[in-house]
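> Following this line is structure37.txt, made up of compact mmCIF, C-alpha atoms:
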# COMPACT_ATOMS: atom_id res chain seq x y z
CA MET A 231 -10.11 -3.56 -14.10
CA ARG A 232 -9.68 -0.92 -11.40
CA SER A 233 -12.39 -2.35 -9.18
CA ALA A 234 -11.01 -5.87 -9.61
CA THR A 235 -7.55 -4.78 -8.48
CA VAL A 236 -8.99 -2.95 -5.48
CA ALA A 237 -10.98 -6.05 -4.56
CA GLN A 238 -7.81 -8.12 -4.75
CA LEU A 239 -5.92 -5.67 -2.54
CA ALA A 240 -8.74 -5.69 0.01
CA GLU A 241 -8.69 -9.48 0.05
CA ILE A 242 -4.89 -9.49 0.47
CA GLY A 243 -5.05 -6.81 3.16
CA VAL A 244 -1.37 -6.19 3.91
CA ILE A 245 0.57 -3.99 1.47
CA PRO A 246 4.32 -4.00 2.23
CA VAL A 247 5.83 -0.61 1.39
CA ILE A 248 9.43 -0.83 0.19
CA ARG A 249 11.55 2.28 0.62
CA VAL A 250 15.29 1.56 0.44
CA ASP A 251 18.31 3.07 -1.29
CA SER A 252 19.12 0.58 -4.04
CA GLU A 253 17.50 -1.50 -6.77
CA GLU A 254 19.28 -4.66 -5.68
CA LEU A 255 18.13 -4.35 -2.07
CA ALA A 256 14.56 -3.60 -3.12
CA LEU A 257 14.49 -6.80 -5.17
CA LYS A 258 15.96 -8.90 -2.36
CA ILE A 259 13.48 -7.50 0.12
CA SER A 260 10.60 -8.12 -2.28
CA GLU A 261 11.63 -11.76 -2.64
CA ALA A 262 11.87 -12.19 1.14
CA ILE A 263 8.45 -10.62 1.61
CA LEU A 264 6.95 -12.84 -1.07
CA ALA A 265 8.39 -15.88 0.70
CA GLY A 266 6.53 -14.74 3.82
CA GLY A 267 3.17 -14.94 2.09
CA ALA A 268 2.75 -11.39 0.83
CA ARG A 269 0.90 -11.12 -2.47
CA THR A 270 1.55 -7.48 -3.23
CA VAL A 271 4.33 -4.95 -2.76
CA GLU A 272 4.47 -1.20 -3.18
CA ILE A 273 7.77 -0.01 -4.64
CA THR A 274 8.16 3.66 -3.78
CA PHE A 275 9.54 6.02 -6.37
CA SER A 276 12.08 7.16 -3.77
CA VAL A 277 13.89 3.86 -4.53
CA PRO A 278 16.65 4.51 -7.10
CA GLY A 279 15.60 2.84 -10.36
CA ALA A 280 12.11 2.11 -9.03
CA PRO A 281 10.65 1.48 -12.52
CA LYS A 282 13.34 -1.16 -13.14
CA VAL A 283 12.45 -2.86 -9.86
CA ILE A 284 8.76 -2.87 -10.75
CA SER A 285 9.48 -4.29 -14.20
CA ALA A 286 11.76 -7.00 -12.79
CA LEU A 287 9.16 -8.07 -10.23
CA ARG A 288 6.41 -8.24 -12.82
CA HIS A 289 8.58 -10.52 -14.98
CA ARG A 290 9.82 -12.75 -12.15
CA PHE A 291 6.62 -13.17 -10.14
CA SER A 292 3.48 -13.32 -12.25
CA GLU A 293 1.32 -13.88 -9.16
CA LEU A 294 2.52 -10.70 -7.41
CA ILE A 295 0.50 -7.47 -7.64
CA VAL A 296 3.03 -4.66 -7.89
CA GLY A 297 2.19 -1.07 -7.04
CA ALA A 298 4.15 2.16 -7.46
CA GLY A 299 4.30 4.42 -4.41
CA THR A 300 5.35 8.02 -3.73
CA VAL A 301 4.17 8.97 -7.21
CA LEU A 302 3.98 12.76 -7.21
CA ASP A 303 3.10 13.83 -10.75
CA GLU A 304 1.80 12.75 -14.13
CA PRO A 305 5.23 11.84 -15.58
CA GLY A 306 5.70 9.58 -12.56
CA VAL A 307 2.40 7.88 -13.27
CA ARG A 308 3.44 7.26 -16.87
CA ALA A 309 6.84 5.88 -15.81
CA ALA A 310 5.12 3.54 -13.35
CA ILE A 311 2.65 2.33 -15.95
CA ASP A 312 5.37 1.78 -18.54
CA ALA A 313 7.22 -0.34 -15.96
CA GLY A 314 4.12 -2.50 -15.38
CA ALA A 315 2.75 -1.09 -12.12
CA GLN A 316 -0.77 -2.28 -11.36
CA TYR A 317 -1.80 0.47 -8.95
CA ILE A 318 -0.59 3.94 -8.04
CA VAL A 319 -0.05 5.35 -4.54
CA SER A 320 0.70 8.96 -3.65
CA PRO A 321 1.51 10.56 -0.27
CA GLY A 322 -0.88 13.43 -0.97
CA LEU A 323 -3.87 14.39 -3.07
CA SER A 324 -2.94 15.42 -6.62
CA PRO A 325 -5.74 15.66 -9.19
CA GLY A 326 -3.17 15.18 -11.96
CA VAL A 327 -1.99 11.88 -10.49
CA VAL A 328 -5.57 10.62 -10.10
CA HIS A 329 -6.55 11.59 -13.64
CA ALA A 330 -3.37 10.18 -15.20
CA ALA A 331 -3.76 6.83 -13.45
CA HIS A 332 -7.40 6.56 -14.48
CA ARG A 333 -6.55 7.52 -18.05
CA PHE A 334 -4.61 4.27 -18.27
CA GLY A 335 -7.09 2.20 -16.28
CA LEU A 336 -5.15 1.90 -13.03
CA PRO A 337 -6.59 2.36 -9.54
CA VAL A 338 -5.07 5.16 -7.52
CA MET A 339 -4.64 5.58 -3.78
CA PRO A 340 -3.95 9.22 -2.83
CA GLY A 341 -2.92 10.23 0.65
CA VAL A 342 -5.52 12.10 2.71
CA MET A 343 -5.55 13.35 6.27
CA THR A 344 -8.62 15.54 6.73
CA PRO A 345 -12.33 15.10 5.99
CA THR A 346 -12.04 17.80 3.33
CA GLU A 347 -9.22 15.96 1.57
CA ALA A 348 -11.14 12.69 1.80
CA VAL A 349 -14.23 14.23 0.16
CA GLN A 350 -12.11 15.88 -2.53
CA ALA A 351 -10.41 12.56 -3.27
CA LEU A 352 -13.78 10.82 -3.60
CA GLU A 353 -15.02 13.57 -5.92
CA LEU A 354 -11.95 12.98 -8.10
CA GLY A 355 -12.83 9.28 -8.24
CA ALA A 356 -10.00 7.97 -6.06
CA ASP A 357 -10.31 4.20 -5.72
CA VAL A 358 -8.79 3.91 -2.24
CA LEU A 359 -8.06 6.58 0.38
CA LYS A 360 -4.64 6.27 1.98
CA LEU A 361 -4.96 7.64 5.51
CA PHE A 362 -1.51 9.13 6.05
CA PRO A 363 0.33 9.45 8.34
CA ALA A 364 -1.75 6.93 10.25
CA SER A 365 0.51 7.01 13.31
CA ALA A 366 -0.33 10.70 13.90
CA LEU A 367 -4.08 10.03 13.76
CA GLY A 368 -4.86 6.63 15.28
CA PRO A 369 -7.61 4.06 14.71
CA GLY A 370 -10.23 6.22 16.41
CA TYR A 371 -9.73 8.89 13.76
CA LEU A 372 -10.41 6.37 10.99
CA LYS A 373 -13.56 5.22 12.76
CA ALA A 374 -14.76 8.82 12.94
CA LEU A 375 -14.09 9.39 9.23
CA ARG A 376 -15.82 6.19 8.19
CA ALA A 377 -19.09 7.26 9.83
CA PRO A 378 -19.91 10.03 7.29
CA LEU A 379 -17.97 8.36 4.45
CA PRO A 380 -18.98 4.68 4.54
CA GLN A 381 -18.55 4.38 0.77
CA ALA A 382 -14.79 4.98 0.92
CA VAL A 383 -12.17 2.24 0.84
CA TRP A 384 -9.50 2.99 3.45
CA CYS A 385 -5.82 2.08 3.70
CA PRO A 386 -4.11 3.52 6.79
CA THR A 387 -0.36 3.77 6.21
CA GLY A 388 2.52 4.98 8.36
CA GLY A 389 3.16 3.41 11.74
CA VAL A 390 0.86 0.40 11.32
CA ASP A 391 2.42 -2.49 13.24
CA LEU A 392 1.46 -5.78 14.85
CA ASP A 393 0.64 -4.09 18.15
CA ASN A 394 -1.95 -1.71 16.69
CA LEU A 395 -3.18 -3.79 13.75
CA GLU A 396 -6.22 -4.98 15.70
CA GLY A 397 -7.27 -1.39 16.34
CA TRP A 398 -7.06 -0.52 12.65
CA VAL A 399 -9.04 -3.58 11.59
CA SER A 400 -11.74 -3.00 14.19
CA SER A 401 -11.98 0.65 13.12
CA GLY A 402 -12.75 -0.37 9.56
CA ALA A 403 -9.47 -0.49 7.63
CA ASP A 404 -10.03 -2.28 4.32
CA MET A 405 -6.27 -2.80 3.91
CA VAL A 406 -3.09 -1.44 5.49
CA GLY A 407 0.23 -0.19 4.18
CA VAL A 408 3.17 -1.41 6.25
CA GLY A 409 6.64 0.05 5.87
CA SER A 410 9.30 0.47 8.56
CA PRO A 411 7.54 -1.71 11.20
CA LEU A 412 7.92 -4.56 8.70
CA LEU A 413 11.31 -3.77 7.17
CA ARG A 414 12.95 -2.60 10.41
CA ASP A 415 16.76 -2.80 10.05
CA VAL A 416 16.89 -5.21 7.13
CA ALA A 417 18.72 -2.66 4.98
CA THR A 418 21.70 -2.76 7.36
CA SER A 419 21.38 -6.24 8.89
CA GLY A 420 20.58 -8.09 5.67
CA ASP A 421 18.51 -10.54 7.72
CA MET A 422 16.04 -11.61 5.08
CA ALA A 423 14.93 -14.67 7.07
CA ALA A 424 13.71 -12.43 9.88
CA LEU A 425 11.90 -10.24 7.35
CA THR A 426 10.17 -13.28 5.88
CA ALA A 427 9.09 -14.34 9.38
CA ARG A 428 7.72 -10.86 10.18
CA THR A 429 5.83 -10.80 6.91
CA ARG A 430 4.25 -14.13 7.72
CA ARG A 431 3.13 -12.83 11.13
CA PHE A 432 1.54 -9.73 9.56
CA VAL A 433 -0.26 -11.80 6.92
CA GLU A 434 -1.54 -14.34 9.44
CA GLU A 435 -2.62 -11.71 11.96
CA TRP A 436 -4.49 -9.74 9.30
CA ALA A 437 -6.34 -12.89 8.21
CA ARG A 438 -7.23 -13.75 11.81
CA LEU A 439 -8.51 -10.25 12.62
CA ARG A 440 -10.52 -9.89 9.43
CA ALA A 441 -12.13 -13.29 9.95
CA ARG A 442 -13.09 -12.27 13.48
CA ARG A 443 -14.54 -8.95 12.26
CA ALA A 444 -16.63 -10.81 9.67
CA ARG A 445 -18.30 -12.99 12.28
Represent the supplied structure as structure tokens.


Amino acid sequence: MRSATVAQLAEIGVIPVIRVDSEELALKISEAILAGGARTVEITFSVPGAPKVISALRHRFSELIVGAGTVLDEPGVRAAIDAGAQYIVSPGLSPGVVHAAHRFGLPVMPGVMTPTEAVQALELGADVLKLFPASALGPGYLKALRAPLPQAVWCPTGGVDLDNLEGWVSSGADMVGVGSPLLRDVATSGDMAALTARTRRFVEEWARLRARRAR
């Protein structure tokens, strides 16, 4: 089950990260992103009522893979699982989070920044390594990490945008987490049509770049 979900995420490629200040807005944004061709969303636990948002999305959109992000501890993992989350994402490396997710059969994506953290995460059995914050490191850093750790599945997150997406793909990103460069000012502007259009551009550009890398 874990490996199948990871394979799906790698095939999808773009993971929109939703971090806003209300349940209602998180749901509206999720619907706009889905309309733009996204097939997964990560609802961060910094969203008020995040488990309710996850549960609502699982019931409304059976085709959508819903992850829980910013999960910091074992109770958070359990709350995410009870809500129907299909994968767990954390900003840092917590053995308790990894073990709790695996106990219930869910893949987990802990945040790592250094080679030591990456190796520790692999030793814990992490399914995907979230390179975070990606903007502080750059695609060249990922390429350097991949050389000694070719077995790892990588998801750079934080500052990934359309201008640098090519660099991340060419450096070996298996998927990317995209937050503020995708959402931009939608929380204040309410322009869901623009968000849908941006999502479509991200999805199409990822597909184009991955197809080119495969040749």

> Nearest to Val236 in chain A: which of A:Thr274, A:Gln316, A:Ser292, A:Thr300 is it, counting all atoms listed in the file?

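Among the listed residues, the smallest separation from Val236 in chain A belongs to A:Gln316.
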
> Report, in Å with one decimal, the straight-line distance from CA of Gly297 in chain A to CA of Ala348 in chain A.

21.1 Å

> Mind giving me the straight-line distance from CA of Ala330 in chain A to CA of Pro378 in chain A in Å, one decimal?

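Between CA of Ala330 in chain A and CA of Pro378 in chain A the gap works out to 27.9 Å.
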
> Find the residues near range 327-329 of chain A: any atom within 7 Å, counting only C-alpha atoms, skip ones fewer than 4 places away on the same chain, and give them as a PyMOL selection string.

chain A and resi 302-304+307+333+338+356

> What are the closest atom pairs, with distances in Å to one decimal, for each residue of range 258-362 of chain A lying within 7 Å of range 428-431 of chain A, using all atoms listed in the file, rows by chain and rising residue number, as a Markdown table?


| residue | atom | partner | partner_atom | distance |
| --- | --- | --- | --- | --- |
| A:Ile263 | CA | A:Thr429 | CA | 5.9 |
| A:Gly266 | CA | A:Arg430 | CA | 4.6 |
| A:Gly267 | CA | A:Arg430 | CA | 5.8 |
| A:Ala268 | CA | A:Thr429 | CA | 6.8 |

> Could you list, as a VMD selection string, every residue within 10 Å of Ser260 in chain A, counting only C-alpha atoms and ignoring same-chain residues fewer than 3 positions away?

chain A and resid 246 to 248 254 to 257 263 to 266 268 270 to 273 283 287 294 422 425 to 426

> Distance CA of Phe291 in chain A-CA of Glu261 in chain A, one decimal place?

9.1 Å

> Please determine an axis-aligned box that encloses all atoms of range 302-321 of chain A listed in the file, with 4 Å added on each side, and express its centre and edge lengths in Å to one decimal as AutoDock Vina command-line options.


--center_x 2.7 --center_y 5.7 --center_z -9.4 --size_x 17.0 --size_y 24.3 --size_z 26.3

> For a quick check of understanding, using all atoms listed in the file, which of A:Val399, A:Ala427, A:Val416, A:Ile311 has the smallest distance to Ala444 in chain A?

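Counting all atoms listed in the file, the residue closest to Ala444 in chain A is A:Val399.
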
> Could you give me, as a ChimeraX atom specification, the residues that sit within 10 Å of (-11.2, -9.7, 3.5) in the file's coordinates, counting only C-alpha atoms?

/A:237-243,404-405,436-437,439-441,443-444

> Under the rule that all atoms listed in the file are counted, which of A:Ala382, A:Pro305, A:Val390, A:Ala315 is the nearest residue to Arg288 in chain A?

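Result for the nearest residue to Arg288 in chain A: A:Ala315.
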
> Do you know which residues are at most 6 Å from range 317-324 of chain A counting only C-alpha atoms, after dropping those on the same chain fewer than 6 positions away, and could you put them as a list in words?

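My reading of the contact set: Gly297, Ala298, Gly299, Thr300, Val301, Leu336, Pro337, Val338, Met339, Pro340 and Gly341 of chain A.
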
> Here is a test: counting all atoms listed in the file, which residue of A:Val383, A:Val277, A:Leu372, A:Val358 is nearest to Glu253 in chain A?

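Closest to Glu253 in chain A, using all atoms listed in the file: A:Val277.
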
> For Ala234 in chain A, which of A:Gly335, A:Leu375, A:Arg414, A:Leu359 is the closest residue, counting only C-alpha atoms?

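Closest residue, counting only C-alpha atoms: A:Gly335.
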
> Would you mind telling me which residue in A:Arg269, A:Ala423, A:Val244, A:Gly402 lies nearest to Thr387 in chain A when using only C-alpha atoms?

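Once distances to Thr387 in chain A are computed over only C-alpha atoms, the minimum belongs to A:Val244.
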
> What lies within 6 Å of Leu361 in chain A using only C-alpha atoms, ignoring chain neighbours under 3 positions off, as a list in words?

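Neighbouring residues, sequence-local ones excluded: Gly341, Val342, Met343, Ala364, Cys385 and Pro386 of chain A.
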
> Produce a file of the selected residues containing C-alpha atoms, as a CSV table (one decimal), keeping the file's coordinate frame.


chain,number,residue,atom,x,y,z
A,341,GLY,CA,-2.9,10.2,0.6
A,342,VAL,CA,-5.5,12.1,2.7
A,343,MET,CA,-5.6,13.4,6.3
A,364,ALA,CA,-1.8,6.9,10.2
A,385,CYS,CA,-5.8,2.1,3.7
A,386,PRO,CA,-4.1,3.5,6.8

> Name all residues at most 7 Å from range 350-354 of chain A (count all atoms listed in the file; drop same-chain ones fewer than 3 positions away) and give them as a PyMOL selection string.

chain A and resi 323+325+346-347

> Write to file, as a CSV table (one decimal), keeping the file's coordinate frame, the residues of the selection just made, with C-alpha atoms.


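Ended up saving to out03.csv:
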chain,number,residue,atom,x,y,z
A,323,LEU,CA,-3.9,14.4,-3.1
A,325,PRO,CA,-5.7,15.7,-9.2
A,346,THR,CA,-12.0,17.8,3.3
A,347,GLU,CA,-9.2,16.0,1.6
